[in-house]
$ cat my_file21.pdb   # PDB, C-alpha atoms
ATOM      1  CA  MET O   1     -14.781 -20.011  -3.759
ATOM      2  CA  ARG O   2     -11.892 -21.141  -5.941
ATOM      3  CA  PRO O   3      -8.340 -20.476  -4.733
ATOM      4  CA  THR O   4      -6.788 -17.365  -6.227
ATOM      5  CA  ALA O   5      -3.251 -16.842  -7.473
ATOM      6  CA  ILE O   6      -3.407 -13.147  -6.581
ATOM      7  CA  PRO O   7      -1.558 -13.434  -3.222
ATOM      8  CA  MET O   8       1.307 -15.310  -4.878
ATOM      9  CA  MET O   9       1.345 -12.831  -7.750
ATOM     10  CA  ILE O  10       1.584  -9.821  -5.452
ATOM     11  CA  LEU O  11       4.297 -11.533  -3.402
ATOM     12  CA  ALA O  12       6.314 -12.227  -6.526
ATOM     13  CA  LEU O  13       5.739  -8.686  -7.710
ATOM     14  CA  SER O  14       6.820  -7.198  -4.368
ATOM     15  CA  ALA O  15       9.938  -9.374  -4.339
ATOM     16  CA  ALA O  16      10.856  -8.250  -7.840
ATOM     17  CA  ALA O  17      10.374  -4.604  -6.915
ATOM     18  CA  ALA O  18      12.484  -5.052  -3.783
ATOM     19  CA  GLY O  19      15.237  -6.793  -5.730
ATOM     20  CA  ALA O  20      15.345  -3.963  -8.246
ATOM     21  CA  ASP O  21      15.730  -1.359  -5.523
ATOM     22  CA  GLU O  22      17.149  -3.209  -2.531
ATOM     23  CA  THR O  23      18.905  -0.149  -1.161
ATOM     24  CA  ARG O  24      15.657   1.731  -0.618
ATOM     25  CA  SER O  25      14.574   2.083   3.005
ATOM     26  CA  LEU O  26      12.378   4.337   5.140
ATOM     27  CA  GLY O  27      15.464   6.226   6.195
ATOM     28  CA  ALA O  28      16.789   6.712   2.658
ATOM     29  CA  HIS O  29      14.036   7.440   0.207
ATOM     30  CA  GLU O  30      13.146  10.196  -2.201
ATOM     31  CA  HIS O  31      10.408  12.434  -0.902
ATOM     32  CA  GLY O  32       7.447  12.686  -3.212
ATOM     33  CA  VAL O  33       8.112   9.296  -4.828
ATOM     34  CA  GLY O  34       5.973   6.331  -3.803
ATOM     35  CA  HIS O  35       5.727   2.720  -4.982
ATOM     36  CA  PHE O  36       2.600   1.053  -6.321
ATOM     37  CA  ASN O  37       2.250  -2.630  -7.230
ATOM     38  CA  ILE O  38      -0.641  -4.120  -9.219
ATOM     39  CA  ALA O  39      -1.474  -7.770  -9.849
ATOM     40  CA  VAL O  40      -4.366  -8.694 -12.151
ATOM     41  CA  GLU O  41      -5.810 -12.147 -12.700
ATOM     42  CA  GLY O  42      -9.137 -12.298 -14.489
ATOM     43  CA  GLY O  43     -11.590 -10.225 -12.500
ATOM     44  CA  GLU O  44      -9.384 -10.046  -9.419
ATOM     45  CA  VAL O  45      -7.038  -7.136  -8.783
ATOM     46  CA  ALA O  46      -4.522  -6.715  -5.965
ATOM     47  CA  MET O  47      -2.908  -3.342  -5.306
ATOM     48  CA  GLU O  48      -0.145  -2.400  -2.904
ATOM     49  CA  LEU O  49       0.939   1.160  -2.058
ATOM     50  CA  GLU O  50       4.043   2.299  -0.185
ATOM     51  CA  ALA O  51       4.500   6.024   0.444
ATOM     52  CA  ALA O  52       6.578   8.036   2.874
ATOM     53  CA  GLY O  53       4.768   9.795   5.681
ATOM     54  CA  ALA O  54       5.922  13.131   4.256
ATOM     55  CA  ASP O  55       4.111  12.381   0.988
ATOM     56  CA  ILE O  56       0.826  11.602   2.736
ATOM     57  CA  VAL O  57       0.637  13.817   5.842
ATOM     58  CA  GLY O  58       3.570  16.193   5.367
ATOM     59  CA  PHE O  59       5.769  14.788   8.147
ATOM     60  CA  GLU O  60       7.621  11.574   9.024
ATOM     61  CA  HIS O  61       8.257  11.920  12.750
ATOM     62  CA  GLU O  62       6.281   9.958  15.317
ATOM     63  CA  ALA O  63       2.900  11.546  15.983
ATOM     64  CA  THR O  64       3.228  13.423  19.268
ATOM     65  CA  THR O  65       0.406  15.975  19.092
ATOM     66  CA  GLU O  66      -3.342  15.723  18.668
ATOM     67  CA  GLU O  67      -2.963  17.527  15.341
ATOM     68  CA  ASP O  68      -0.441  14.939  14.115
ATOM     69  CA  ARG O  69      -2.635  12.051  15.225
ATOM     70  CA  ALA O  70      -5.699  13.577  13.594
ATOM     71  CA  ALA O  71      -3.798  14.029  10.331
ATOM     72  CA  ILE O  72      -2.709  10.375  10.384
ATOM     73  CA  GLU O  73      -6.220   9.095  11.084
ATOM     74  CA  ALA O  74      -7.646  11.270   8.289
ATOM     75  CA  ALA O  75      -4.984   9.987   5.888
ATOM     76  CA  LYS O  76      -5.657   6.360   6.810
ATOM     77  CA  ALA O  77      -9.367   6.895   6.231
ATOM     78  CA  ARG O  78      -8.635   8.446   2.834
ATOM     79  CA  LEU O  79      -6.283   5.611   1.916
ATOM     80  CA  GLY O  80      -9.070   3.228   2.864
ATOM     81  CA  GLU O  81     -11.048   4.330  -0.211
ATOM     82  CA  PRO O  82      -8.971   2.874  -3.067
ATOM     83  CA  LEU O  83     -11.496   3.384  -5.873
ATOM     84  CA  SER O  84     -11.547   7.122  -5.169
ATOM     85  CA  LEU O  85      -7.732   7.290  -5.299
ATOM     86  CA  PHE O  86      -7.034   4.822  -8.122
ATOM     87  CA  VAL O  87     -10.002   5.325 -10.411
ATOM     88  CA  VAL O  88     -10.811   2.596 -12.931
ATOM     89  CA  PRO O  89     -13.469   2.802 -15.667
ATOM     90  CA  ALA O  90     -17.009   2.238 -14.427
ATOM     91  CA  ALA O  91     -17.460  -0.298 -17.233
ATOM     92  CA  ALA O  92     -15.123  -2.690 -15.377
ATOM     93  CA  GLY O  93     -17.661  -2.988 -12.543
ATOM     94  CA  CYS O  94     -15.012  -3.116  -9.812
ATOM     95  CA  GLU O  95     -15.808  -3.333  -6.125
ATOM     96  CA  VAL O  96     -13.543  -3.302  -3.068
ATOM     97  CA  ALA O  97     -13.168  -6.759  -1.518
ATOM     98  CA  SER O  98     -10.665  -5.895   1.233
ATOM     99  CA  VAL O  99      -8.511  -3.039   2.505
ATOM    100  CA  ASP O 100      -5.539  -3.061   4.871
ATOM    101  CA  VAL O 101      -3.911   0.286   5.726
ATOM    102  CA  ALA O 102      -1.014   0.624   8.170
ATOM    103  CA  LEU O 103       1.534   3.197   9.258
ATOM    104  CA  ILE O 104       4.937   1.575   9.695
ATOM    105  CA  GLY O 105       7.626   2.950  11.976
ATOM    106  CA  ASP O 106       5.346   4.917  14.317
ATOM    107  CA  HIS O 107       5.133   3.374  17.807
ATOM    108  CA  GLY O 108       1.994   5.312  18.591
ATOM    109  CA  ASP O 109       0.209   3.542  15.743
ATOM    110  CA  GLU O 110       1.270  -0.006  16.532
ATOM    111  CA  ASP O 111      -2.034  -1.023  18.163
ATOM    112  CA  ASP O 112      -4.076   0.044  15.136
ATOM    113  CA  HIS O 113      -1.566  -1.694  12.867
ATOM    114  CA  ASP O 114      -1.893  -4.955  14.817
ATOM    115  CA  ALA O 115      -5.689  -4.721  14.922
ATOM    116  CA  GLU O 116      -5.907  -4.173  11.177
ATOM    117  CA  HIS O 117      -3.576  -7.070  10.443
ATOM    118  CA  ALA O 118      -5.421  -9.314  12.893
ATOM    119  CA  GLU O 119      -8.671  -8.681  11.009
ATOM    120  CA  HIS O 120      -6.943  -9.060   7.637
ATOM    121  CA  ASP O 121      -5.239 -12.302   8.688
ATOM    122  CA  HIS O 122      -8.422 -13.730  10.188
ATOM    123  CA  ASP O 123     -10.225 -13.194   6.893
ATOM    124  CA  HIS O 124      -7.515 -15.065   5.018
ATOM    125  CA  GLY O 125      -6.931 -17.867   7.533
ATOM    126  CA  HIS O 126      -3.416 -16.783   8.589
ATOM    127  CA  LYS O 127      -3.803 -16.552  12.348
ATOM    128  CA  HIS O 128      -0.443 -18.253  12.921
ATOM    129  CA  ASP O 129       1.366 -15.507  11.033
ATOM    130  CA  HIS O 130      -0.344 -12.862  13.132
ATOM    131  CA  ASP O 131       0.602 -14.647  16.344
ATOM    132  CA  HIS O 132       4.205 -14.782  15.185
ATOM    133  CA  ASP O 133       4.142 -11.068  14.385
ATOM    134  CA  HIS O 134       2.645 -10.340  17.804
ATOM    135  CA  ASP O 135       5.355 -12.332  19.601
ATOM    136  CA  ASP O 136       8.057 -10.418  17.747
ATOM    137  CA  GLU O 137       6.277  -7.081  17.997
ATOM    138  CA  HIS O 138       8.530  -5.472  20.581
ATOM    139  CA  GLY O 139      11.771  -6.520  18.945
ATOM    140  CA  HIS O 140      10.521  -5.520  15.519
ATOM    141  CA  ASP O 141       9.520  -2.035  16.679
ATOM    142  CA  GLU O 142      12.888  -1.441  18.304
ATOM    143  CA  HIS O 143      14.667  -2.606  15.142
ATOM    144  CA  ALA O 144      12.441  -0.465  12.928
ATOM    145  CA  ALA O 145      13.037   2.651  14.997
ATOM    146  CA  GLU O 146      16.781   1.986  14.988
ATOM    147  CA  GLU O 147      17.002   1.216  11.278
ATOM    148  CA  HIS O 148      14.621   3.851   9.977
ATOM    149  CA  GLY O 149      15.670   6.721  12.228
ATOM    150  CA  GLY O 150      12.100   7.563  13.241
ATOM    151  CA  HIS O 151      10.777   7.828   9.688
ATOM    152  CA  THR O 152       7.293   6.578   8.940
ATOM    153  CA  GLU O 153       5.772   5.041   5.842
ATOM    154  CA  PHE O 154       2.183   4.322   4.879
ATOM    155  CA  HIS O 155       1.512   0.870   3.521
ATOM    156  CA  ALA O 156      -1.826  -0.125   2.000
ATOM    157  CA  GLU O 157      -3.016  -3.355   0.414
ATOM    158  CA  TYR O 158      -6.234  -3.639  -1.569
ATOM    159  CA  ARG O 159      -8.201  -6.432  -3.202
ATOM    160  CA  LEU O 160     -10.783  -5.635  -5.889
ATOM    161  CA  THR O 161     -13.213  -7.826  -7.780
ATOM    162  CA  CYS O 162     -14.243  -6.648 -11.247
ATOM    163  CA  ALA O 163     -17.337  -7.938 -13.068
ATOM    164  CA  ASP O 164     -15.898  -7.136 -16.513
ATOM    165  CA  PRO O 165     -12.091  -7.234 -16.528
ATOM    166  CA  SER O 166     -12.048  -6.197 -20.188
ATOM    167  CA  GLY O 167     -13.066  -2.770 -18.891
ATOM    168  CA  LEU O 168      -9.800  -2.396 -16.981
ATOM    169  CA  THR O 169      -8.229  -0.188 -19.612
ATOM    170  CA  SER O 170      -6.816   2.581 -17.417
ATOM    171  CA  ILE O 171      -6.212   3.899 -13.914
ATOM    172  CA  ASP O 172      -6.665   7.585 -13.125
ATOM    173  CA  PHE O 173      -4.467   8.452 -10.134
ATOM    174  CA  ALA O 174      -6.631  10.891  -8.167
ATOM    175  CA  TYR O 175      -4.151   9.964  -5.431
ATOM    176  CA  PHE O 176      -2.130  13.039  -6.415
ATOM    177  CA  GLU O 177      -5.102  15.330  -5.834
ATOM    178  CA  ALA O 178      -5.733  13.769  -2.435
ATOM    179  CA  PHE O 179      -2.108  14.093  -1.286
ATOM    180  CA  PRO O 180      -0.477  17.347  -2.490
ATOM    181  CA  ASN O 181       3.039  16.329  -1.399
ATOM    182  CA  ALA O 182       3.028  13.227  -3.615
ATOM    183  CA  GLU O 183       4.743  13.804  -6.958
ATOM    184  CA  GLU O 184       5.374  10.386  -8.515
ATOM    185  CA  LEU O 185       4.519   6.698  -8.243
ATOM    186  CA  GLU O 186       6.829   4.003  -9.542
ATOM    187  CA  ILE O 187       4.625   1.116 -10.655
ATOM    188  CA  GLN O 188       5.233  -2.593 -11.035
ATOM    189  CA  MET O 189       2.445  -4.595 -12.657
ATOM    190  CA  ILE O 190       1.972  -8.295 -13.227
ATOM    191  CA  ASP O 191      -0.850  -9.819 -15.277
ATOM    192  CA  ALA O 192      -1.419 -12.390 -18.018
ATOM    193  CA  GLN O 193       0.998 -10.435 -20.228
ATOM    194  CA  GLY O 194       3.842 -10.740 -17.703
ATOM    195  CA  SER O 195       5.613  -8.228 -15.493
ATOM    196  CA  ARG O 196       6.206  -4.630 -16.521
ATOM    197  CA  GLY O 197       7.067  -1.275 -15.020
ATOM    198  CA  PHE O 198       5.462   2.134 -15.377
ATOM    199  CA  GLU O 199       5.704   5.578 -13.895
ATOM    200  CA  VAL O 200       2.949   8.103 -13.238
ATOM    201  CA  THR O 201       3.380  11.672 -12.057
ATOM    202  CA  ARG O 202       1.231  14.531 -10.872
ATOM    203  CA  GLU O 203       1.474  16.031 -14.367
ATOM    204  CA  ASP O 204       0.673  12.743 -16.158
ATOM    205  CA  ALA O 205      -1.582  10.877 -13.742
ATOM    206  CA  VAL O 206      -3.429   8.458 -16.059
ATOM    207  CA  LEU O 207      -2.022   5.008 -16.708
ATOM    208  CA  ALA O 208      -3.261   3.129 -19.795
ATOM    209  CA  LEU O 209      -3.446  -0.630 -19.375
ATOM    210  CA  PRO O 210      -3.256  -2.149 -22.855
ATOM    211  CA  GLY O 211      -3.884  -5.854 -22.970
ATOM    212  CA  SER O 212      -4.796  -6.097 -19.266
ATOM    213  CA  SER O 213      -8.123  -7.861 -19.820
TER     214      SER O 213
END
$ encode --input "my_file21.pdb" --output "structure tokens"
Amino acid sequence: MRPTAIPMMILALSAAAAGADETRSLGAHEHGVGHFNIAVEGGEVAMELEAAGADIVGFEHEATTEEDRAAIEAAKARLGEPLSLFVVPAAAGCEVASVDVALIGDHGDEDDHDAEHAEHDHDHGHKHDHDHDHDDEHGHDEHAAEEHGGHTEFHAEYRLTCADPSGLTSIDFAYFEAFPNAEELEIQMIDAQGSRGFEVTREDAVLALPGSS
């Protein structure tokens, strides 16, 4: 399989988004507003979602009850179905190639987070990075809890392959139907046309993608 530029594209896109809003953190964010990055190269699509725990499950504290834990697991399962949340035209023939969903800032979820990243890293030949993360795990968790004041954030990364990229003319954000507390997504997109920003809301949840093929 030929090397893909998608990982570099999504990294560049994430860096640009971070630079534009460097003051944003888990402890100081606007409830209801998430961030969604898209990178498109030919028939390959990378997507990255960041959303506060309150937007997804209605709370941001560490899960301490069975009800909280069940809500988190249900949300992670729902976030693991990207084509039902971010609906693209059937004509594009898109299929899910990989999914990585994690809850950041919740100590009770750290084992699942590590397991998911271990599988993700193994698939992409980045075992060294995972080992480094594992070595720093304890220090990172303490720093995260200190810096973010106990707030949690869902982070999801997706890779799609599309048989006919010319069919990628829109995205219907059923995400808002799935998560009633979500109100807005700020979007950064990079493709052959360059980098551009969009915004979708619960009231206007369809994003047209002119010239994305």
$ resolve_selection --input "my_file21.pdb" --expression "the PyMOL selection byres ((chain O and resi 168) around 12)" --output "ChimeraX atom specification"
/O:40-45,86-94,160-167,169-172,191,207-213
$ residues_around --input "my_file21.pdb" --residues "Leu49 in chain O" --least-positions-apart "2" --cutoff "12 Å" --atoms "only C-alpha atoms" --output "CSV table (one decimal) with C-alpha atoms, in the frame of the given file"
chain,number,residue,atom,x,y,z
O,10,ILE,CA,1.6,-9.8,-5.5
O,14,SER,CA,6.8,-7.2,-4.4
O,33,VAL,CA,8.1,9.3,-4.8
O,34,GLY,CA,6.0,6.3,-3.8
O,35,HIS,CA,5.7,2.7,-5.0
O,36,PHE,CA,2.6,1.1,-6.3
O,37,ASN,CA,2.2,-2.6,-7.2
O,38,ILE,CA,-0.6,-4.1,-9.2
O,46,ALA,CA,-4.5,-6.7,-6.0
O,47,MET,CA,-2.9,-3.3,-5.3
O,51,ALA,CA,4.5,6.0,0.4
O,52,ALA,CA,6.6,8.0,2.9
O,56,ILE,CA,0.8,11.6,2.7
O,79,LEU,CA,-6.3,5.6,1.9
O,80,GLY,CA,-9.1,3.2,2.9
O,82,PRO,CA,-9.0,2.9,-3.1
O,85,LEU,CA,-7.7,7.3,-5.3
O,86,PHE,CA,-7.0,4.8,-8.1
O,99,VAL,CA,-8.5,-3.0,2.5
O,100,ASP,CA,-5.5,-3.1,4.9
O,101,VAL,CA,-3.9,0.3,5.7
O,102,ALA,CA,-1.0,0.6,8.2
O,103,LEU,CA,1.5,3.2,9.3
O,153,GLU,CA,5.8,5.0,5.8
O,154,PHE,CA,2.2,4.3,4.9
O,155,HIS,CA,1.5,0.9,3.5
O,156,ALA,CA,-1.8,-0.1,2.0
O,157,GLU,CA,-3.0,-3.4,0.4
O,158,TYR,CA,-6.2,-3.6,-1.6
O,159,ARG,CA,-8.2,-6.4,-3.2
O,175,TYR,CA,-4.2,10.0,-5.4
O,185,LEU,CA,4.5,6.7,-8.2
O,186,GLU,CA,6.8,4.0,-9.5
O,187,ILE,CA,4.6,1.1,-10.7
O,188,GLN,CA,5.2,-2.6,-11.0
$ atom_distance --input "my_file21.pdb" --atom1 "CA of Val200 in chain O" --atom2 "CA of Glu183 in chain O"
8.7 Å
$ atom_distance --input "my_file21.pdb" --atom1 "CA of Ser84 in chain O" --atom2 "CA of Ala178 in chain O"
9.2 Å
$ closest_residue --input "my_file21.pdb" --among "O:Ala39, O:Ala192, O:Val57, O:Ala97" --to "Ala70 in chain O" --atoms "only C-alpha atoms"
O:Val57
$ residues_around --input "my_file21.pdb" --residues "range 59-61 of chain O" --least-positions-apart "4" --cutoff "6 Å" --atoms "only C-alpha atoms" --output "VMD selection string"
chain O and resid 53 to 54 150 to 152
$ atom_distance --input "my_file21.pdb" --atom1 "CA of Ala75 in chain O" --atom2 "CA of Arg196 in chain O"
29.0 Å
